[in-house]
Structures are given as structure tokens and as C-alpha cells.
$ cat run.txt   # compact mmCIF, C-alpha atoms
# COMPACT_ATOMS: atom_id res chain seq x y z
CA MET A 241 20.16 -13.90 -17.10
CA ASN A 242 21.87 -17.25 -16.59
CA PRO A 243 19.85 -19.95 -18.44
CA LYS A 244 21.57 -22.71 -16.43
CA ILE A 245 19.45 -21.66 -13.44
CA LEU A 246 16.42 -23.00 -15.31
CA HIS A 247 17.78 -26.55 -15.45
CA LYS A 248 15.53 -29.04 -13.67
CA ASP A 249 18.05 -30.05 -10.99
CA VAL A 250 18.85 -26.40 -10.18
CA GLN A 251 15.16 -25.52 -9.87
CA GLN A 252 14.69 -28.51 -7.57
CA PHE A 253 17.65 -27.33 -5.45
CA ILE A 254 16.09 -23.85 -5.13
CA GLN A 255 12.72 -25.32 -4.14
CA GLU A 256 14.32 -27.59 -1.53
CA HIS A 257 16.24 -24.74 0.10
CA LEU A 258 13.44 -22.19 0.50
CA LYS A 259 13.52 -22.74 4.27
CA SER A 260 17.31 -22.91 4.53
CA ASP A 261 19.59 -20.47 6.33
CA ILE A 262 20.93 -18.31 3.49
CA THR A 263 24.22 -17.56 5.25
CA LYS A 264 24.96 -21.28 5.67
CA LEU A 265 23.89 -21.91 2.08
CA ILE A 266 26.36 -19.32 0.79
CA LEU A 267 29.20 -20.73 2.92
CA LYS A 268 28.71 -24.16 1.35
CA GLY A 269 29.27 -22.76 -2.13
CA SER A 270 27.52 -23.67 -5.37
CA PRO A 271 27.16 -27.37 -6.29
CA PHE A 272 26.59 -26.45 -9.96
CA ASN A 273 29.10 -25.57 -12.66
CA GLY A 274 28.49 -22.21 -14.30
CA ILE A 275 26.27 -20.94 -11.46
CA THR A 276 27.69 -18.90 -8.58
CA VAL A 277 26.45 -19.39 -5.06
CA GLN A 278 25.38 -15.73 -5.06
CA GLU A 279 23.09 -16.42 -8.04
CA LEU A 280 21.59 -19.40 -6.27
CA ALA A 281 21.11 -17.46 -3.04
CA ASN A 282 19.36 -14.64 -4.90
CA GLN A 283 16.93 -17.08 -6.52
CA VAL A 284 16.14 -18.62 -3.12
CA VAL A 285 15.69 -15.27 -1.32
CA ALA A 286 13.66 -13.69 -4.14
CA LYS A 287 11.38 -16.72 -4.37
CA GLN A 288 10.93 -16.68 -0.58
CA LYS A 289 9.80 -13.04 -0.78
CA SER A 290 7.36 -13.93 -3.56
CA GLU A 291 5.45 -16.59 -1.65
CA SER A 292 2.90 -14.24 -0.09
CA LYS A 293 3.40 -11.17 -2.29
CA LEU A 294 3.42 -12.90 -5.70
CA PRO A 295 1.74 -16.30 -5.23
CA THR A 296 1.12 -16.79 -8.97
CA TRP A 297 4.84 -16.44 -9.70
CA PHE A 298 5.76 -18.57 -6.68
CA GLN A 299 3.51 -21.41 -7.80
CA THR A 300 4.56 -21.31 -11.49
CA GLU A 301 7.42 -23.54 -12.63
CA ASN A 302 10.62 -22.14 -14.16
CA ILE A 303 10.13 -18.56 -13.01
CA TYR A 304 13.42 -16.66 -13.12
CA TYR A 305 13.82 -14.13 -10.32
CA PRO A 306 15.67 -10.81 -10.65
CA PRO A 307 17.73 -9.25 -7.80
CA LYS A 308 15.64 -9.24 -4.62
CA ILE A 309 15.32 -5.42 -4.66
CA SER A 310 13.10 -5.77 -7.75
CA ILE A 311 10.81 -8.07 -5.75
CA GLU A 312 10.75 -5.65 -2.83
CA GLN A 313 9.89 -2.66 -5.02
CA THR A 314 7.31 -4.32 -7.27
CA SER A 315 3.55 -4.18 -6.81
CA SER A 316 1.94 -7.07 -4.99
CA GLU A 317 -0.61 -9.15 -6.87
CA ILE A 318 -3.37 -7.67 -4.70
CA THR A 319 -2.54 -4.08 -5.65
CA ALA A 320 -1.79 -4.96 -9.29
CA ASP A 321 -5.19 -6.63 -9.66
CA TYR A 322 -6.87 -3.62 -8.04
CA LYS A 323 -5.28 -1.04 -10.33
CA SER A 324 -5.96 -3.13 -13.45
CA ASN A 325 -9.68 -2.67 -12.78
CA LEU A 326 -9.45 1.13 -12.59
CA ILE A 327 -8.91 1.59 -16.32
CA SER A 328 -9.96 -0.09 -19.56
CA GLY A 329 -9.37 -0.07 -23.29
CA ASP A 330 -7.65 -2.00 -26.04
CA ASN A 331 -4.00 -1.12 -25.42
CA ILE A 332 -1.88 0.18 -22.55
CA ILE A 333 1.82 0.95 -22.18
CA ASP A 334 3.84 0.67 -18.96
CA ILE A 335 6.85 2.93 -19.46
CA THR A 336 8.53 1.82 -16.21
CA GLY A 337 7.93 -1.93 -16.50
CA GLY A 338 10.11 -3.39 -13.73
CA PHE A 339 9.37 -7.03 -12.84
CA GLY A 340 6.10 -6.82 -14.77
CA ILE A 341 3.48 -7.66 -12.16
CA ASP A 342 1.25 -4.74 -13.15
CA CYS A 343 1.48 -5.57 -16.88
CA TYR A 344 0.47 -9.17 -16.18
CA TYR A 345 -2.77 -7.93 -14.61
CA PHE A 346 -3.27 -5.25 -17.27
CA SER A 347 -3.11 -8.08 -19.81
CA LYS A 348 -6.29 -9.52 -18.32
CA GLN A 349 -8.16 -6.25 -19.05
CA PHE A 350 -6.52 -4.99 -22.27
CA LYS A 351 -6.07 -6.68 -25.64
CA ALA A 352 -2.45 -5.53 -25.96
CA VAL A 353 0.10 -4.48 -23.35
CA THR A 354 3.53 -2.92 -23.94
CA HIS A 355 6.13 -3.40 -21.18
CA CYS A 356 9.08 -0.99 -21.39
CA GLU A 357 12.10 -1.64 -19.18
CA ILE A 358 15.41 0.19 -19.58
CA ASN A 359 17.37 -2.65 -17.88
CA GLU A 360 17.99 -5.12 -20.70
CA GLU A 361 18.58 -8.12 -18.42
CA LEU A 362 15.42 -7.44 -16.41
CA SER A 363 13.46 -7.05 -19.66
CA THR A 364 14.75 -10.47 -20.79
CA ILE A 365 13.78 -12.04 -17.46
CA VAL A 366 10.27 -10.57 -17.62
CA LYS A 367 9.77 -11.80 -21.19
CA HIS A 368 10.81 -15.31 -20.14
CA ASN A 369 8.45 -15.26 -17.15
CA TYR A 370 5.48 -14.13 -19.26
CA GLN A 371 6.06 -17.19 -21.42
CA GLN A 372 5.88 -19.41 -18.35
CA LEU A 373 2.72 -17.57 -17.24
CA LYS A 374 1.23 -18.00 -20.75
CA SER A 375 0.67 -14.25 -21.17
CA ASP A 376 0.89 -13.87 -24.93
CA ASN A 377 -0.54 -10.37 -25.37
CA ILE A 378 2.37 -8.52 -23.69
CA THR A 379 5.20 -7.08 -25.80
CA CYS A 380 8.47 -6.51 -23.94
CA ILE A 381 10.61 -3.58 -25.11
CA SER A 382 14.09 -3.07 -23.66
CA ALA A 383 14.24 0.73 -23.80
CA ASN A 384 13.66 3.95 -21.92
CA GLY A 385 9.85 4.17 -21.85
CA VAL A 386 9.69 7.92 -22.39
CA ASP A 387 12.07 7.70 -25.37
CA TYR A 388 10.02 4.83 -26.81
CA LEU A 389 6.86 6.93 -26.57
CA LYS A 390 8.58 9.81 -28.33
CA ASN A 391 9.75 7.59 -31.17
CA THR A 392 6.62 5.52 -31.77
CA THR A 393 3.69 6.56 -33.92
CA LYS A 394 1.31 4.52 -31.74
CA ASN A 395 -1.25 6.00 -29.41
CA PHE A 396 -2.51 4.18 -26.32
CA ASP A 397 -5.71 4.02 -24.31
CA CYS A 398 -3.66 4.52 -21.14
CA ILE A 399 -0.08 5.24 -20.09
CA TYR A 400 1.02 3.67 -16.79
CA ILE A 401 3.95 5.14 -14.88
CA ASP A 402 5.62 3.91 -11.68
CA PRO A 403 8.50 6.37 -11.12
CA SER A 404 11.53 5.03 -9.25
CA ARG A 405 13.84 6.80 -6.86
CA ARG A 406 16.72 8.65 -8.50
CA ASN A 407 20.07 6.95 -7.87
CA ASP A 408 21.57 10.06 -6.27
CA VAL A 409 18.76 10.37 -3.71
CA LYS A 410 19.44 8.69 -0.39
CA GLY A 411 16.77 7.59 2.08
CA LYS A 412 13.04 7.86 1.56
CA VAL A 413 11.55 9.87 -1.29
CA PHE A 414 9.06 12.58 -0.32
CA LEU A 415 8.95 14.64 -3.54
CA PHE A 416 8.12 13.95 -7.18
CA LYS A 417 11.34 15.64 -8.30
CA ASP A 418 13.33 12.90 -6.56
CA CYS A 419 11.85 10.29 -8.93
CA LEU A 420 12.56 9.13 -12.47
CA PRO A 421 10.94 9.83 -14.78
CA TYR A 422 10.08 13.26 -13.39
CA VAL A 423 6.47 13.26 -14.50
CA PRO A 424 5.06 16.82 -14.15
CA PRO A 425 7.05 18.44 -17.03
CA GLN A 426 6.14 15.52 -19.32
CA ILE A 427 2.37 15.49 -18.79
CA ASP A 428 1.50 17.60 -21.83
CA PHE A 429 3.57 15.26 -24.01
CA PHE A 430 1.98 12.15 -22.45
CA PHE A 431 -1.46 13.55 -23.28
CA THR A 432 -0.47 13.65 -26.96
CA LYS A 433 -0.13 9.85 -26.79
CA SER A 434 -3.09 8.98 -24.57
CA ASN A 435 -6.16 10.53 -22.94
CA TYR A 436 -5.53 8.68 -19.67
CA ILE A 437 -2.48 8.43 -17.40
CA LEU A 438 -2.26 6.19 -14.35
CA ILE A 439 0.57 7.01 -11.95
CA LYS A 440 1.69 4.97 -8.96
CA VAL A 441 3.75 6.82 -6.35
CA SER A 442 5.29 6.10 -2.97
CA PRO A 443 2.77 6.04 -0.10
CA ILE A 444 4.80 8.66 1.76
CA LEU A 445 4.23 11.37 -0.86
CA ASP A 446 1.89 14.15 0.21
CA ILE A 447 -1.43 13.90 -1.65
CA THR A 448 -2.24 17.61 -1.77
CA ASN A 449 1.21 18.59 -3.04
CA THR A 450 1.18 15.79 -5.63
CA ILE A 451 -2.19 16.96 -6.97
CA LYS A 452 -0.69 20.46 -7.29
CA ASP A 453 2.35 19.06 -9.14
CA LEU A 454 0.15 17.23 -11.63
CA LYS A 455 -2.73 18.41 -13.82
CA ASN A 456 -6.14 17.05 -14.81
CA VAL A 457 -6.26 14.69 -11.80
CA LYS A 458 -9.58 12.83 -11.79
CA GLU A 459 -9.14 10.28 -9.01
CA VAL A 460 -6.72 9.43 -6.21
CA HIS A 461 -6.71 5.88 -4.85
CA ILE A 462 -5.06 5.05 -1.54
CA VAL A 463 -4.45 1.31 -1.32
CA ALA A 464 -3.63 -0.43 1.95
CA ILE A 465 -3.13 -4.11 2.79
CA ASN A 466 -3.75 -5.21 6.37
CA ASN A 467 -3.78 -1.57 7.47
CA GLU A 468 -0.47 -0.64 5.82
CA VAL A 469 -0.63 1.86 2.95
CA LYS A 470 1.17 0.32 -0.04
CA GLU A 471 0.38 2.59 -2.99
CA LEU A 472 -0.99 5.97 -4.00
CA LEU A 473 -2.57 5.94 -7.46
CA PHE A 474 -3.39 9.06 -9.48
CA ILE A 475 -5.68 8.85 -12.51
CA LEU A 476 -5.31 11.76 -14.94
CA GLU A 477 -7.74 12.42 -17.78
CA LYS A 478 -6.97 14.83 -20.60
CA ASP A 479 -8.72 18.21 -20.13
CA TYR A 480 -10.43 17.01 -16.90
CA VAL A 481 -11.22 19.95 -14.59
CA ASN A 482 -14.08 18.70 -12.39
CA GLU A 483 -14.16 17.41 -8.83
CA ILE A 484 -11.35 15.09 -7.74
CA LYS A 485 -12.53 11.86 -6.12
CA ILE A 486 -10.49 10.41 -3.24
CA LYS A 487 -10.99 6.66 -2.82
CA THR A 488 -9.52 4.58 0.00
CA ILE A 489 -9.40 0.81 0.25
CA ASN A 490 -7.94 -1.44 2.93
CA PHE A 491 -7.61 -5.10 1.96
CA GLN A 492 -7.92 -7.45 4.92
CA LYS A 493 -7.69 -11.23 5.10
CA LYS A 494 -11.44 -11.80 4.78
CA ASN A 495 -12.87 -8.49 3.57
CA LYS A 496 -12.08 -5.00 2.39
CA GLN A 497 -12.91 -1.57 3.81
CA GLU A 498 -13.76 1.25 1.39
CA PHE A 499 -14.42 4.94 1.91
CA GLU A 500 -14.50 7.83 -0.56
CA PHE A 501 -15.11 11.57 -0.72
CA ASN A 502 -14.52 14.61 -2.91
CA PHE A 503 -11.14 16.28 -2.46
CA ASN A 504 -12.51 19.82 -2.17
CA ASP A 505 -15.51 19.00 0.03
CA LYS A 506 -15.99 21.73 2.64
CA VAL A 507 -17.46 19.80 5.55
CA VAL A 508 -17.12 20.01 9.31
CA SER A 509 -17.16 17.33 11.98
CA THR A 510 -19.62 16.93 14.79
CA TYR A 511 -18.01 16.31 18.18
CA SER A 512 -18.76 14.42 21.36
CA GLU A 513 -17.18 13.02 24.48
CA PRO A 514 -16.70 9.22 24.21
CA LEU A 515 -20.05 7.39 24.09
CA THR A 516 -20.53 3.59 23.85
CA PHE A 517 -18.24 2.68 20.94
CA LEU A 518 -14.87 4.00 19.81
CA TYR A 519 -13.52 3.85 16.24
CA GLU A 520 -10.05 4.23 14.78
CA PRO A 521 -9.90 4.82 10.98
CA ASN A 522 -7.73 2.50 8.91
CA SER A 523 -4.39 3.71 7.58
CA ALA A 524 -5.72 4.48 4.08
CA ILE A 525 -8.27 6.92 5.51
CA LEU A 526 -5.67 8.45 7.83
CA LYS A 527 -3.44 9.00 4.78
CA SER A 528 -6.34 10.55 2.84
CA GLY A 529 -6.91 13.29 5.42
CA GLY A 530 -10.68 12.80 5.16
CA PHE A 531 -11.22 13.25 8.89
CA HIS A 532 -14.24 15.56 8.66
CA GLN A 533 -15.78 13.50 5.85
CA ILE A 534 -15.96 10.46 8.17
CA SER A 535 -18.07 12.33 10.71
CA ASN A 536 -20.12 13.88 7.90
CA GLN A 537 -20.90 10.63 6.07
CA LEU A 538 -21.13 8.14 8.94
CA GLU A 539 -23.17 8.32 12.12
CA VAL A 540 -20.17 9.01 14.34
CA PHE A 541 -18.77 11.93 16.32
CA LYS A 542 -15.14 13.06 16.42
CA LEU A 543 -13.52 13.27 19.87
CA HIS A 544 -11.42 16.36 19.11
CA GLN A 545 -10.24 18.31 16.07
CA HIS A 546 -6.76 16.78 16.35
CA SER A 547 -7.72 13.39 17.82
CA HIS A 548 -8.58 11.22 14.85
CA LEU A 549 -10.85 8.95 16.87
CA TYR A 550 -14.63 8.66 16.58
CA THR A 551 -17.47 7.56 18.80
CA SER A 552 -21.11 6.57 18.60
CA LYS A 553 -23.91 5.39 20.86
CA GLU A 554 -25.05 2.64 18.47
CA PHE A 555 -22.60 0.27 16.79
CA ILE A 556 -21.85 0.86 13.08
CA ASN A 557 -19.78 -1.04 10.53
CA PHE A 558 -16.76 1.28 10.43
CA PRO A 559 -13.81 1.35 7.97
CA GLY A 560 -11.19 0.72 10.61
CA ARG A 561 -10.96 -0.79 14.07
CA ALA A 562 -14.04 -0.78 16.33
CA PHE A 563 -14.06 -1.00 20.11
CA LYS A 564 -16.62 -1.31 22.92
CA ILE A 565 -15.82 1.26 25.60
CA GLU A 566 -15.49 -0.27 29.09
CA HIS A 567 -14.15 2.69 31.11
CA ILE A 568 -13.30 6.37 30.65
CA ILE A 569 -10.89 7.77 33.24
CA SER A 570 -8.36 10.54 33.69
CA TYR A 571 -4.63 9.73 33.66
CA ASP A 572 -4.57 8.19 37.13
CA LYS A 573 -2.14 5.32 37.73
CA LYS A 574 -4.01 4.01 40.80
CA LYS A 575 -7.34 3.81 38.94
CA LEU A 576 -5.57 2.18 36.05
CA ARG A 577 -4.08 -0.56 38.24
CA LYS A 578 -7.53 -1.41 39.62
CA ILE A 579 -8.95 -1.74 36.11
CA LEU A 580 -5.98 -3.82 34.87
CA PRO A 581 -5.42 -6.60 37.44
CA ASP A 582 -2.85 -8.33 35.23
CA ASN A 583 -1.27 -4.96 34.31
CA LYS A 584 -1.38 -5.74 30.59
CA ALA A 585 -2.89 -3.75 27.71
CA ASN A 586 -2.42 -2.55 24.13
CA ILE A 587 -1.69 1.19 24.20
CA THR A 588 -2.37 3.77 21.48
CA THR A 589 -1.85 7.53 21.73
CA ARG A 590 -3.83 10.04 19.67
CA ASN A 591 -3.26 13.75 20.34
CA PHE A 592 -1.68 12.99 23.73
CA PRO A 593 1.31 14.79 25.32
CA LYS A 594 3.25 11.58 26.12
CA THR A 595 4.59 8.75 23.99
CA VAL A 596 3.67 5.09 24.39
CA ALA A 597 7.20 4.42 25.71
CA GLN A 598 6.84 7.15 28.36
CA ILE A 599 3.43 5.83 29.39
CA ARG A 600 4.68 2.25 29.73
CA LYS A 601 7.64 3.44 31.79
CA GLU A 602 5.40 5.45 34.13
CA THR A 603 2.59 2.90 34.49
CA LYS A 604 4.60 -0.36 34.14
CA ILE A 605 1.83 -1.65 31.86
CA LYS A 606 3.00 -4.64 29.80
CA ASP A 607 2.11 -5.00 26.14
CA GLY A 608 -0.57 -7.48 25.03
CA GLY A 609 -3.85 -8.90 26.22
CA ASN A 610 -7.37 -8.11 25.05
CA VAL A 611 -7.65 -4.65 26.62
CA PHE A 612 -7.02 -1.57 24.45
CA ILE A 613 -6.33 1.83 25.97
CA PHE A 614 -6.49 5.01 23.91
CA PHE A 615 -4.66 7.91 25.55
CA THR A 616 -6.20 10.95 23.91
CA THR A 617 -7.68 14.45 24.19
CA THR A 618 -11.44 14.98 23.96
CA ILE A 619 -13.55 17.88 22.71
CA ASN A 620 -13.18 20.12 25.77
CA GLY A 621 -9.41 19.65 25.89
CA ASN A 622 -9.65 16.96 28.55
CA ILE A 623 -6.92 14.31 28.74
CA LYS A 624 -8.69 10.96 28.85
CA LEU A 625 -7.94 7.25 28.88
CA VAL A 626 -10.57 5.35 26.90
CA ILE A 627 -10.35 1.72 27.93
CA CYS A 628 -11.92 -0.72 25.46
CA LYS A 629 -12.24 -4.20 24.15
CA LYS A 630 -12.45 -5.03 20.46
CA ALA A 631 -15.86 -4.99 18.80
CA ASN A 632 -16.34 -7.12 15.71
CA ASN A 633 -17.26 -5.02 12.66
CA ASN A 634 -19.31 -7.95 11.40
CA LEU A 635 -21.55 -8.03 14.48
CA SER A 636 -24.51 -5.85 15.36
CA TYR A 637 -24.83 -4.52 18.88
CA LEU A 638 -28.37 -3.85 20.07
$ encode --input "run.txt" --output "C-alpha cells"
Amino acid sequence: MNPKILHKDVQQFIQEHLKSDITKLILKGSPFNGITVQELANQVVAKQKSESKLPTWFQTENIYYPPKISIEQTSSEITADYKSNLISGDNIIDITGGFGIDCYYFSKQFKAVTHCEINEELSTIVKHNYQQLKSDNITCISANGVDYLKNTTKNFDCIYIDPSRRNDVKGKVFLFKDCLPYVPPQIDFFFTKSNYILIKVSPILDITNTIKDLKNVKEVHIVAINNEVKELLFILEKDYVNEIKIKTINFQKKNKQEFEFNFNDKVVSTYSEPLTFLYEPNSAILKSGGFHQISNQLEVFKLHQHSHLYTSKEFINFPGRAFKIEHIISYDKKKLRKILPDNKANITTRNFPKTVAQIRKETKIKDGGNVFIFFTTTINGNIKLVICKKANNNLSYL
């Protein structure tokens, strides 16, 4: 951590260059003694990335930013606030602290928070930033979080873990064993220090396999922002053996969509050809695998076992995108041209033998407009084009 970066004139320089071309900025070199242009560029880029993801940090003076990868990998404020409300107690420890966004929000719910970060420089940066944010109930420990737990006599109301990708693993991480710390073998030890464990994992991990890898899973939360899954959260409770609750949430600009079900529910869908309205579940529900639970809980029919689209005669407020069906046709290019005079539409495929690229090449349909076409398979194995316009989930159709 270079304290010269916190000087008033340097902070003003960073603020003034948030919209600058970084390449040109680097070529000009640093105008400050004792600060490299690479350090300046990192502060500018990291702060740029924080504007929408970490608005509290962005708007607070004298925040020191770590390498941009720490910003990219950290929780957003939206997800940090959400997870802080899942648990409660007097004290919590984050054994994989990182840039400290989660601990900041835990500090609003717990009396005392311990932030463990093995990277000494990052730990120093986080401690400085908490001072600027006036968070005085967070203790920063520069140490391996697991080792700290083993050496302390303290117990905690909750242990929070956000495993990172192992350095020797290239590409995306699909398995728990590719992460550090490797949690499953440590669970029994963790339960000697706390009755509750909250684990955040990559959204690409398989939920069923992760539940098998862990023990005493009580809840799984699938968190999406603007229809993109950002986090999978697993809540473990010591000795818990009852039903596992799956909870999905999709944060949108003006509202949020929630849907939940029991992991081991044995339910079946009801099916129908497309009716008046068509529904596409949000990404959190698609990740959850609760396809039959949607049909079971809501007044909708599934189009086909493998087509994750739903339909109803009357409009319902659905946790996903809703559409008013205008036409239902077979895959006929001549019929399609008559329906689309400007030859423009948004195309989605669900359980269809051709890709969007192949369809666009064959039909010459341009992307865009207010028409949505779902190329899919319906209950009797029929290939259908369901041509729609968006229906507002906040409106009622009579």
C-alpha cells in the first residue's frame, strides 16, 4: 500500500481521470514522485469498476483500491447486503476476507466482525478503508483464516467462507476441490467453532453435487442481478438433517423476483400447448432446477418436459419474463415473413434442434424490435414458433 496515493492532489487526479483512456494515461507517465503510472492506472480502473458495483466505496473519500482483480472477484453491495440478512448473532468471522465488502455489511447485523485475509497488503488496505467508512466493529487479521480459527479460543455465531480458485487451476472452476480452502474435509472442525456456516461459491458449481459434498445443508440461496446469477450461498447448521430449502432471488432495477421450494420435493408438471401467455423463468430459477415446482406452485403449464417455458390462459405475475402470444406457427419461412414485415425480431431457442445463429442465417431475420420469437418443442413433440410481445408483470390482463 502506497500512502502517497492518498494525498489530496493524487486523489483529485484519480477522480478527474475516471473517464480517461487508460492506455493514453499510462503513456503519459506519472506526474507524481514516488507513485508509478501503473499504480495510478490501477486506482483509476478499480474505482471505475466500483461505481455501479460498490457505490458506497465509490462515493467515499480516500478509499484505497487493491488490484482490479480483487474488485472483479468481490461481492457486489447488493449481494453482500442480501447475505448479511440471512444470518444473525453477536459475532461472525470471515476466514477469506478479500476486499471486505461482505464484512462491511455483516457489521451492520453483528456486534463484532473478524476479517481474516492472508494477503498482508490487502488486509492493510481493507483496514484503512473501514476507517474511512467509519466501521469500527470490524477487526482485521492478516492471517490464514483456517489457521486463525485453529489457534483461537474464540467461538463464533457464524463462520463465513468464500473459497477462491486454486492458483494451479486454469479456466473456470466447476468443483469444490478446485477451491481454497477446500471446505468439505474441514466442516467437522468448523462446527467445533460455530453452529452455523455460510458458504459462497461460484454460480457455475452444480447445486446437487455441492449439497452432496457438504453436510447439514439447511438452505441454498441462488442470487441473480438483472437476470445474471452472481452467487450460490449454502447455509449449514450443525446437526441439521431436515428438508433443504432452495430460495431464488433476482434483483431487478425496480423490484425483485423470488421463488422457493424444497430440494427433495417430488412433484410433476402439468403440460399444455401454448395458450394466451408465455413465461420464461429468470436465470436464478433456471439454475435451481425447480422446473416442476413452478408448474406445481403457480397457475401455469409447462410446454414440454425439456422446454423450460410455461403458458397460461390468464395473466399471472411470474418470476421471469412474461409475453402475450400473438401467433403460433410451424417453422415456415414464408409464414414468418408475412408476420414480420420489417424482418426483425428477438430470437430465443428452448429445446429446439437449431441454434439462433443457424435460424438467423436461414430466415435472414435481423436482431431487435419489439417482437419475440421462441423456437421450441411443445408437449406432443411438435416444433413450434411462438411469436410474442412483452407483457408487463406489473399489469393485469382481463
$ closest_residue --input "run.txt" --among "A:Phe563, A:Phe396, A:Phe612, A:Phe346" --to "Lys433 of chain A" --atoms "all atoms listed in the file"
A:Phe396
$ closest_residue --input "run.txt" --among "A:Val596, A:Cys419, A:Ile318, A:Ile569" --to "Ile489 of chain A" --atoms "all atoms listed in the file"
A:Ile318
$ closest_residue --input "run.txt" --among "A:Asn591, A:Ser535, A:Asn377, A:Ser404" --to "Ser552 of chain A" --atoms "only C-alpha atoms"
A:Ser535
$ closest_atom_pairs --input "run.txt" --of "segment 408-508 of chain A" --to "segment 335-339 of chain A" --cutoff "12 Å" --atoms "all atoms listed in the file" --output "JSON lines"
{"residue": "A:Cys419", "atom": "CA", "partner": "A:Thr336", "partner_atom": "CA", "distance": 11.7}
{"residue": "A:Leu420", "atom": "CA", "partner": "A:Thr336", "partner_atom": "CA", "distance": 9.1}
{"residue": "A:Pro421", "atom": "CA", "partner": "A:Thr336", "partner_atom": "CA", "distance": 8.5}
{"residue": "A:Tyr422", "atom": "CA", "partner": "A:Thr336", "partner_atom": "CA", "distance": 11.9}
{"residue": "A:Val423", "atom": "CA", "partner": "A:Ile335", "partner_atom": "CA", "distance": 11.5}
{"residue": "A:Phe430", "atom": "CA", "partner": "A:Ile335", "partner_atom": "CA", "distance": 10.8}
{"residue": "A:Ile437", "atom": "CA", "partner": "A:Ile335", "partner_atom": "CA", "distance": 11.0}
{"residue": "A:Leu438", "atom": "CA", "partner": "A:Ile335", "partner_atom": "CA", "distance": 10.9}
{"residue": "A:Ile439", "atom": "CA", "partner": "A:Thr336", "partner_atom": "CA", "distance": 10.4}
{"residue": "A:Lys440", "atom": "CA", "partner": "A:Thr336", "partner_atom": "CA", "distance": 10.5}
$ closest_residue --input "run.txt" --among "A:Tyr322, A:Tyr304, A:Tyr345, A:Tyr519" --to "Thr364 of chain A" --atoms "only C-alpha atoms"
A:Tyr304
$ residues_around --input "run.txt" --residues "Ile311 of chain A" --least-positions-apart "3" --cutoff "7 Å" --atoms "all atoms listed in the file" --output "PyMOL selection string"
chain A and resi 286+308+314
$ residues_around --input "run.txt" --residues "segment 449-458 of chain A" --least-positions-apart "4" --cutoff "12 Å" --atoms "only C-alpha atoms" --output "ChimeraX atom specification"
/A:326,414-417,422-428,430-431,435-445,472-487,502-504
$ atom_distance --input "run.txt" --atom1 "atom CA of Thr617 of chain A" --atom2 "atom CA of Lys575 of chain A"
18.2 Å
$ residues_around --input "run.txt" --residues "Ile613 of chain A" --least-positions-apart "4" --cutoff "6 Å" --atoms "only C-alpha atoms" --output "VMD selection string"
chain A and resid 587 626 to 627
$ residues_around --input "run.txt" --residues "Val285 of chain A" --least-positions-apart "5" --cutoff "12 Å" --atoms "all atoms listed in the file" --output "list in words"
Ile254, Gln255, His257, Leu258, Lys259, Ser260, Asp261, Ile262, Thr263, Leu265, Ile266, Gln278, Glu279, Leu280, Ser290, Glu291, Phe298, Tyr305, Pro306, Pro307, Lys308, Ile309, Ser310, Ile311 and Glu312 of chain A
$ write_last_selection --input "run.txt" --atoms "C-alpha atoms" --output "PDB file, in the coordinates of the input"
ATOM      1  CA  ILE A 254      16.090 -23.850  -5.130  1.00  0.00           C
ATOM      2  CA  GLN A 255      12.720 -25.320  -4.140  1.00  0.00           C
ATOM      3  CA  HIS A 257      16.240 -24.740   0.100  1.00  0.00           C
ATOM      4  CA  LEU A 258      13.440 -22.190   0.500  1.00  0.00           C
ATOM      5  CA  LYS A 259      13.520 -22.740   4.270  1.00  0.00           C
ATOM      6  CA  SER A 260      17.310 -22.910   4.530  1.00  0.00           C
ATOM      7  CA  ASP A 261      19.590 -20.470   6.330  1.00  0.00           C
ATOM      8  CA  ILE A 262      20.930 -18.310   3.490  1.00  0.00           C
ATOM      9  CA  THR A 263      24.220 -17.560   5.250  1.00  0.00           C
ATOM     10  CA  LEU A 265      23.890 -21.910   2.080  1.00  0.00           C
ATOM     11  CA  ILE A 266      26.360 -19.320   0.790  1.00  0.00           C
ATOM     12  CA  GLN A 278      25.380 -15.730  -5.060  1.00  0.00           C
ATOM     13  CA  GLU A 279      23.090 -16.420  -8.040  1.00  0.00           C
ATOM     14  CA  LEU A 280      21.590 -19.400  -6.270  1.00  0.00           C
ATOM     15  CA  SER A 290       7.360 -13.930  -3.560  1.00  0.00           C
ATOM     16  CA  GLU A 291       5.450 -16.590  -1.650  1.00  0.00           C
ATOM     17  CA  PHE A 298       5.760 -18.570  -6.680  1.00  0.00           C
ATOM     18  CA  TYR A 305      13.820 -14.130 -10.320  1.00  0.00           C
ATOM     19  CA  PRO A 306      15.670 -10.810 -10.650  1.00  0.00           C
ATOM     20  CA  PRO A 307      17.730  -9.250  -7.800  1.00  0.00           C
ATOM     21  CA  LYS A 308      15.640  -9.240  -4.620  1.00  0.00           C
ATOM     22  CA  ILE A 309      15.320  -5.420  -4.660  1.00  0.00           C
ATOM     23  CA  SER A 310      13.100  -5.770  -7.750  1.00  0.00           C
ATOM     24  CA  ILE A 311      10.810  -8.070  -5.750  1.00  0.00           C
ATOM     25  CA  GLU A 312      10.750  -5.650  -2.830  1.00  0.00           C
TER      26      GLU A 312
END
$ atom_distance --input "run.txt" --atom1 "atom CA of Glu471 of chain A" --atom2 "atom CA of Cys398 of chain A"
18.7 Å
$ residues_around --input "run.txt" --residues "His532 of chain A" --least-positions-apart "3" --cutoff "10 Å" --atoms "only C-alpha atoms" --output "PyMOL selection string"
chain A and resi 505-510+529+535-537+541-542+545+548
